[in-house]
Amino acid sequence: MPSCLRRVSSVLGFCAVLFAQTPSPTPPQTGAIEGDVTDILTHKPLAGARVKLQAGDLLLFTRCDANGRFQFPEIPAGNYLVAPDQPGYLAFGQTVRAAYSIISGTPTQVHFPLKPYAVVSGRVTDSAGVPMQGASVELLRLRAIDPEHGDLPTVGRRAIVGNREMVVADGAVTNDLGEYRFARRSAGSYYVGARPAGHRDDGDETERLTYYPRVLRAESARAIAVSDGQQVSGIDIQLIRQAGVRISGRAVPPADSPKGRSAMVSTYVVAWRQDAPQEEEAMLPSYAVEGAFELKNFLPGQYVVEAVATDQTDLGHPRILAGGRRTVEVRDKNVGGVEIAMLPPVEIQGSVVFAANCPAVPVAIQPAPFSRIDRIARQIAGAATPTFTLSSLIPGHYMLIVSPEPRTVAGNRYSVASVRLGGREVLQSGFEIAGQPPGAMRIAITCSGQIEAGRVAR
Amino acid sequence: MTAFLLALVATPLAPAQISNPQSGDLSIAGTVTGALSGAPVAGARIVLDGNGPGRTLAYSDAAGHFQFAGLPPGAHNLLASRTGYLQSSQLVVLTPGQSSTGVRIPLAPQAAIAGTVEDQDGFPVASASIVVFTRGAQGQLVSASQGGITSDERGRFRAAGLAAGHYYLHAEPGMARNWDPRYAAVYYPAALKFENAEAIEVAAGQERTGIVIRLVRSGGVRVQGRVEMPPGFAVRQSGERAQIALATVGTPGFGRSTYAPLADDGSFTLNNVQPGKYRLEASLPPPYSRGFTTGPSGVLEPNLQVGSSDISGIVVKVEDSRPVDLPGSVVFEPGTKPAQVLVFLYQRDSEQARTASQEDGSFVLRGVRPGKYRLAAAAMEEGARGVSARLGETSLPFGNLEVKGPHPGPLVITMSSATARVEGLIVNAAGQPLSGKYALFRATKPGLRPVAVGTSEADGRFSTEMPPGEYRVWPAASVPAGLRDGSAAAPPGQGQLVTFVAGGNPPLSLEMPAVK
C-alpha cells in the first residue's frame, strides 16, 4: 500500500539507490513517485486530496497528508497516469515516469497545482413566487460566431449579440426546493435562463423561458461574472407569466393531390421564432383537421409556420406528401387566416468533388433550417460514394451546412469552395425550393494542405 | 423534435383534434389545505384538465383559495402541486347550471432523504446513481424515486417527494473521473447484499439529512469470453466498436449494466463483476446496431451466475437480425370484390409493421426484423379479410408468420368476404340459459382469422360471424389471454369440431361445465 510518510519513501529511495549502484546485468526494475497537491491561486497544500496512479491493470490510490504531500513508493519503473482529485477543484491528470534519481536517489518529484472551480447556483420560483421543482435551467455564455457556420442556426443558440452568439454551456434541473447548481465552471461571464417544468401547455397564459434577473429576451439577460474558485449563489429567477396569442389558418394541399386513400395522412403544423430557431418557445404542434390548424402561446416576434402532410401507411416509414412554409409577424393580437400552400417535396441529386491535391474525405451535407419534423436526413458523401440525394425538400428557403469530417486530415484543412445548384452559386445565399426540382447540385471541396503542413513542420 | 416525431407516429390514425378553448358559465372554486395541519396552502399550482384541450392554470391565494370560471358541464380534473407537498388530483363533475364552489384539495407534506455518497476512505463520490425504493402492497420492492438521482461533485444527493414510510437506498458508482472501478454498488448503509440493507423511516413531511452511503471496495471477479459475429460482420465499424453488456437480473429495486469493448477477435474481459445473476448481450456498432440492440440476438443466456471465482470461455453467438423488406401481394377469392388491403404484423398485440396494398395488389412491409409475428389483413372498404397466406412455398398456420433470412417472401395473402353466421345458446348442466358467457371458436386449419368469440345475452343466446371453415367450439366464463396467439387450447376433453358454411348455419347448443 502506498504511504504518505515521507520518511518511509526516503528509506526506500536509499535502498533503491544502493540497489541501482550494485553492478548487475539487469537494471533495477522499481521506481517511485512523490509530490504535492496545492491550490494554484493560494499555493496552500490540499490536505486529504486523493491521488490516483494507473498503468494497465495496476491501480493505486493514496491520500495527501496535512502538508498536501503524497507518495507511491516502490512501484515498477515506467510511465503512470497520476491524477489528483479534490472536491472544489478541477480534475487533472498527467503522465509521470516513476524512477529514482541516479545522483540523489530521490524518487520522481511531481507538483500538482489544482485550479479551484467556480459555482453558479440559485433558485427558480414560479410566477407566484413558489419554488419550482423540475424547471430546466441553462447556463449560457457568449462566444464568437463560427465564420464557417455564419448565420445558420446553431444548436443551443439563444441570441446573437454583435458578432457573438449566446449559447448553452450547461444544463440543470431544479430539485424539489427549486434549487439548481452549475459546478466545475471556469472563470468567465455567464448568463442563466430557466423554463418551467413539464409541458408548457397551460392555456394562453403561461410561464416563459425567463433569463436572470427577470427578462424574456436573452439579449437583455444580465451577465454574471465569476472568477476561479468563486461560488456565486443567489442567482434566483422568478419565471415571467405572460399571455401569448394564437396563430390559426389553413394548410392547403396541392390541387392535384389524390382524394382517396387518405385514412393515414396526417397534416402537422409547427412554428418557430425566425431569429432563434432553436429556442423551442411557444410552439404546440397541431394536427390540421380538414386543413384547419391553430397554434397558441406566441409572444410578439417573427415566426416561421410550417405545415407538412405525411402518409403514415408504412409504420415507421412516414412519407412526405406535401409541405409549405410561411412567415408570420405576431404582435399582441391573435393572427388568423394564415393560408399555407403545400406543394409536393422535391429531390436534389448532388455530387461532391475534391480539388486535385486533396484526398477524398467523408462530407456531411445537411439542409437548414431543418424542419421541426426531422425529415431531411443528413447525408454523408465523399470517398466511397461521391453522390448524394437530398430528398423531402418542401417549399422554403434553405442554407446548406457542408462539413468535411474531420476538418483536418494529416495536415490538410478542408473547406467548402463552392456549392452550385442548377448552375448557380448558392454557398452564401442559400437556395429557394418552390415545388419545382431546382437541378443538380455540385459541392467543391478544397484543402490547404501545404500551409498547414508547413506550420506543423515549422 | 423527438417528441413531435413520436406524436406523429403514435397517432396517425387518431382523429385529429383542434384545441378549442372550453367555454361555459360554470365555475369550480375551493381551497388548498395542508393534509395534516388543515391550514390553507398559498401558492399551490392548480392545473385544470391537464390532458384536455383547454388546459388552464390557477394559483391558490394567501387563504388557499382558487377559482376557475367559464367552464362547461362535465368531468374536470384538478391537479394541485406545491413545493414541499405531494402532488394531489381531484375529479369534479359539473352538472348543467350547477357550479362547484366548496372543493377542498388536501396536500400531504412530502418527506425527503438527503446525504452524501462516500468511498471507504470517506472521500465524496460524484456521479453515483441513487435509487430509492420501498415495499409495495404485496411486499415487492418498488421504486420511489422521481426520475434519476445522481450525487453531485461533492457527493451530495437528495431524494424528495416521498410519502411517509420505510425506504431502502441503493447507490451505484458512476463514471466519475479518477474513479476506482473496484468499488461495488451498495445498499444503505454499506451493504453488498440486500439482506443487509437497512431501511430509513421517514414521517410525513420529515427531512432526513446527513444520510451517508458508504461504497464498498470488493473487487469482484473476472468474466472472459468471446463473441462470435455473423459472417461478414466486423467488430469495428466506422470508428465504433462492438461491445458486450452484462446486465443484472432479478436484483431488488434496480437493474444495471456494465460494458466492455470487444477485441478485434471478438474476445472480451469484464472486470470487477460482483456476485449475482446476469444477462449477457452483445451490441454492435452502426449500421448494424438496429438489428441487435434488443431481442434475443446475441444473448447467451438469461442466467449467468457469477460467484466468487473468475469465469472464462463464454461464447456469445450473434445472429444477423437486421430488418428486411418483405414483399408480397393480396389475391381475392372468387366473389370477393378487390379493394385496397391494409397488412399488419403484430408481436404481443403491438404493431410492428404496417402497409397498404397498391392498385395491382402488391405491397412491401418495410423494416421487418427477423422473428415471429401474427399477420392480419383487412380490406379498407368491402370488409374482406385475410383467410389464408403463404410465405414463399410455405402455408402459414393460423396467420403465424416467421420472418428469417435476408430475402424473405413473397407473402401472398388470400382475401375473402365470405362470412359464416353462427348463432346458438349457452346453458348450464340443468339446461338453463346463461348470460354473459362466451362461445369460443378456434379454426383448425391455417387461416388468418384463427379465433372468434360470441357473447351470450340475457336469454343465453349468442350470435357471431367468422370466415367459413372447421372450428373447435367451446363455452367459457372468460376469454383466455392466450386465445389469439394460439397458446390457449380448448380444455381437455372439450370442444366440439364444427364446420361452418358461408351464410346461415344451424344453431349450436353449448353446455357450460359445472363449477367445482
# chains A, B, ... in the order shown; residues from 1 in each chain; ligands from 1
>>> residues_around(residues="B:Asp49", least_positions_apart="6", cutoff="9 Å", atoms="only C-alpha atoms", output="PyMOL selection string")
chain B and resi 55-56+75-79
>>> residues_around(residues="A:Arg50", least_positions_apart="5", cutoff="10 Å", atoms="only C-alpha atoms", output="CSV table (one decimal) with N, CA and C atoms, in the first residue's frame")
chain,number,residue,atom,x,y,z
A,37,VAL,N,0.2,18.4,-3.8
A,37,VAL,CA,-1.0,19.0,-4.4
A,37,VAL,C,-1.3,20.3,-3.7
A,61,PHE,N,-4.4,4.0,-5.1
A,61,PHE,CA,-4.9,5.3,-4.7
A,61,PHE,C,-4.2,5.7,-3.4
A,62,THR,N,-4.0,7.0,-3.2
A,62,THR,CA,-3.5,7.4,-1.9
A,62,THR,C,-4.1,8.7,-1.5
A,63,ARG,N,-3.9,9.2,-0.3
A,63,ARG,CA,-4.4,10.5,0.1
A,63,ARG,C,-3.2,11.3,0.6
A,64,CYS,N,-3.4,12.6,0.4
A,64,CYS,CA,-2.3,13.5,0.8
A,64,CYS,C,-2.3,13.8,2.3
A,65,ASP,N,-1.2,14.0,2.8
A,65,ASP,CA,-1.1,14.3,4.3
A,65,ASP,C,-1.4,15.8,4.5
A,68,GLY,N,-0.2,18.3,2.2
A,68,GLY,CA,-0.5,18.1,0.8
A,68,GLY,C,0.4,17.2,0.1
A,70,PHE,N,2.1,13.5,-1.1
A,70,PHE,CA,1.7,12.1,-1.3
A,70,PHE,C,2.9,11.3,-1.9
A,83,ALA,N,-3.2,11.2,-11.2
A,83,ALA,CA,-4.3,12.1,-11.3
A,83,ALA,C,-4.8,12.5,-9.9
A,84,PRO,N,-4.6,13.7,-9.5
A,84,PRO,CA,-5.1,14.2,-8.2
A,84,PRO,C,-6.5,14.6,-8.3
A,85,ASP,N,-7.2,14.6,-7.2
A,85,ASP,CA,-8.6,14.9,-7.2
A,85,ASP,C,-9.0,15.5,-5.8
A,86,GLN,N,-9.7,16.6,-5.8
A,86,GLN,CA,-10.1,17.2,-4.5
A,86,GLN,C,-11.4,17.9,-4.8
A,87,PRO,N,-12.5,17.7,-3.9
A,87,PRO,CA,-13.7,18.5,-4.1
A,87,PRO,C,-13.4,19.9,-4.1
B,121,ASP,N,-12.7,5.5,2.2
B,121,ASP,CA,-11.8,6.5,2.9
B,121,ASP,C,-12.6,7.7,3.3
B,123,PHE,N,-14.0,9.7,1.1
B,123,PHE,CA,-13.9,10.7,0.1
B,123,PHE,C,-15.2,10.7,-0.7
B,178,ASN,N,-11.3,9.7,-12.3
B,178,ASN,CA,-10.4,9.1,-11.3
B,178,ASN,C,-11.1,8.1,-10.4
>>> residues_around(residues="stretch 39-48 of chain B", least_positions_apart="5", cutoff="6 Å", atoms="only C-alpha atoms", output="ChimeraX atom specification")
/A:128 /B:32-34,55-64,77-82
>>> residues_around(residues="B:Leu304", least_positions_apart="2", cutoff="12 Å", atoms="only C-alpha atoms", output="list in words")
Val223, Leu246, Ala247, Thr248, Val249, Gly250, Val273, Gln274, Pro275, Gly276, Lys277, Tyr278, Arg279, Leu280, Glu281, Val299, Leu300, Glu301, Pro302, Val306, Gly307, Ile311, Ser312, Ile314 and Val316 of chain B
>>> atom_distance(atom1="atom CA of B:Phe68", atom2="atom CA of B:Thr83")
21.6 Å
>>> decode(residues="stretch 313-353 of chain B", atoms="C-alpha atoms", output="tab-separated table (two decimals), in the first residue's frame")
chain	number	residue	atom	x	y	z
B	313	GLY	CA	-14.64	-19.50	-22.01
B	314	ILE	CA	-18.07	-17.95	-22.52
B	315	VAL	CA	-19.15	-17.86	-26.17
B	316	VAL	CA	-21.88	-15.44	-27.26
B	317	LYS	CA	-23.23	-16.12	-30.74
B	318	VAL	CA	-24.69	-13.11	-32.55
B	319	GLU	CA	-27.30	-13.66	-35.22
B	320	ASP	CA	-27.94	-11.33	-38.11
B	321	SER	CA	-31.21	-9.69	-37.18
B	322	ARG	CA	-31.13	-6.64	-39.42
B	323	PRO	CA	-34.56	-5.53	-40.56
B	324	VAL	CA	-35.56	-6.64	-44.04
B	325	ASP	CA	-38.23	-5.62	-46.52
B	326	LEU	CA	-40.91	-8.26	-47.00
B	327	PRO	CA	-42.64	-8.01	-50.39
B	328	GLY	CA	-45.99	-9.58	-51.10
B	329	SER	CA	-49.36	-9.35	-52.74
B	330	VAL	CA	-53.02	-9.88	-52.00
B	331	VAL	CA	-55.33	-12.11	-54.04
B	332	PHE	CA	-59.11	-12.22	-53.78
B	333	GLU	CA	-61.31	-15.30	-53.64
B	334	PRO	CA	-63.94	-15.60	-56.38
B	335	GLY	CA	-66.93	-13.49	-55.40
B	336	THR	CA	-64.87	-11.14	-53.27
B	337	LYS	CA	-64.60	-7.60	-54.56
B	338	PRO	CA	-60.98	-6.41	-54.88
B	339	ALA	CA	-60.13	-3.48	-52.65
B	340	GLN	CA	-57.14	-1.86	-51.08
B	341	VAL	CA	-55.86	-4.01	-48.20
B	342	LEU	CA	-54.06	-2.97	-45.02
B	343	VAL	CA	-51.50	-5.53	-43.91
B	344	PHE	CA	-50.30	-5.66	-40.30
B	345	LEU	CA	-47.67	-7.60	-38.38
B	346	TYR	CA	-48.07	-7.87	-34.63
B	347	GLN	CA	-45.96	-9.11	-31.78
B	348	ARG	CA	-47.76	-9.43	-28.46
B	349	ASP	CA	-50.57	-7.18	-29.69
B	350	SER	CA	-48.24	-4.34	-30.59
B	351	GLU	CA	-48.00	-3.30	-34.19
B	352	GLN	CA	-44.53	-3.93	-35.65
B	353	ALA	CA	-45.09	-3.25	-39.33
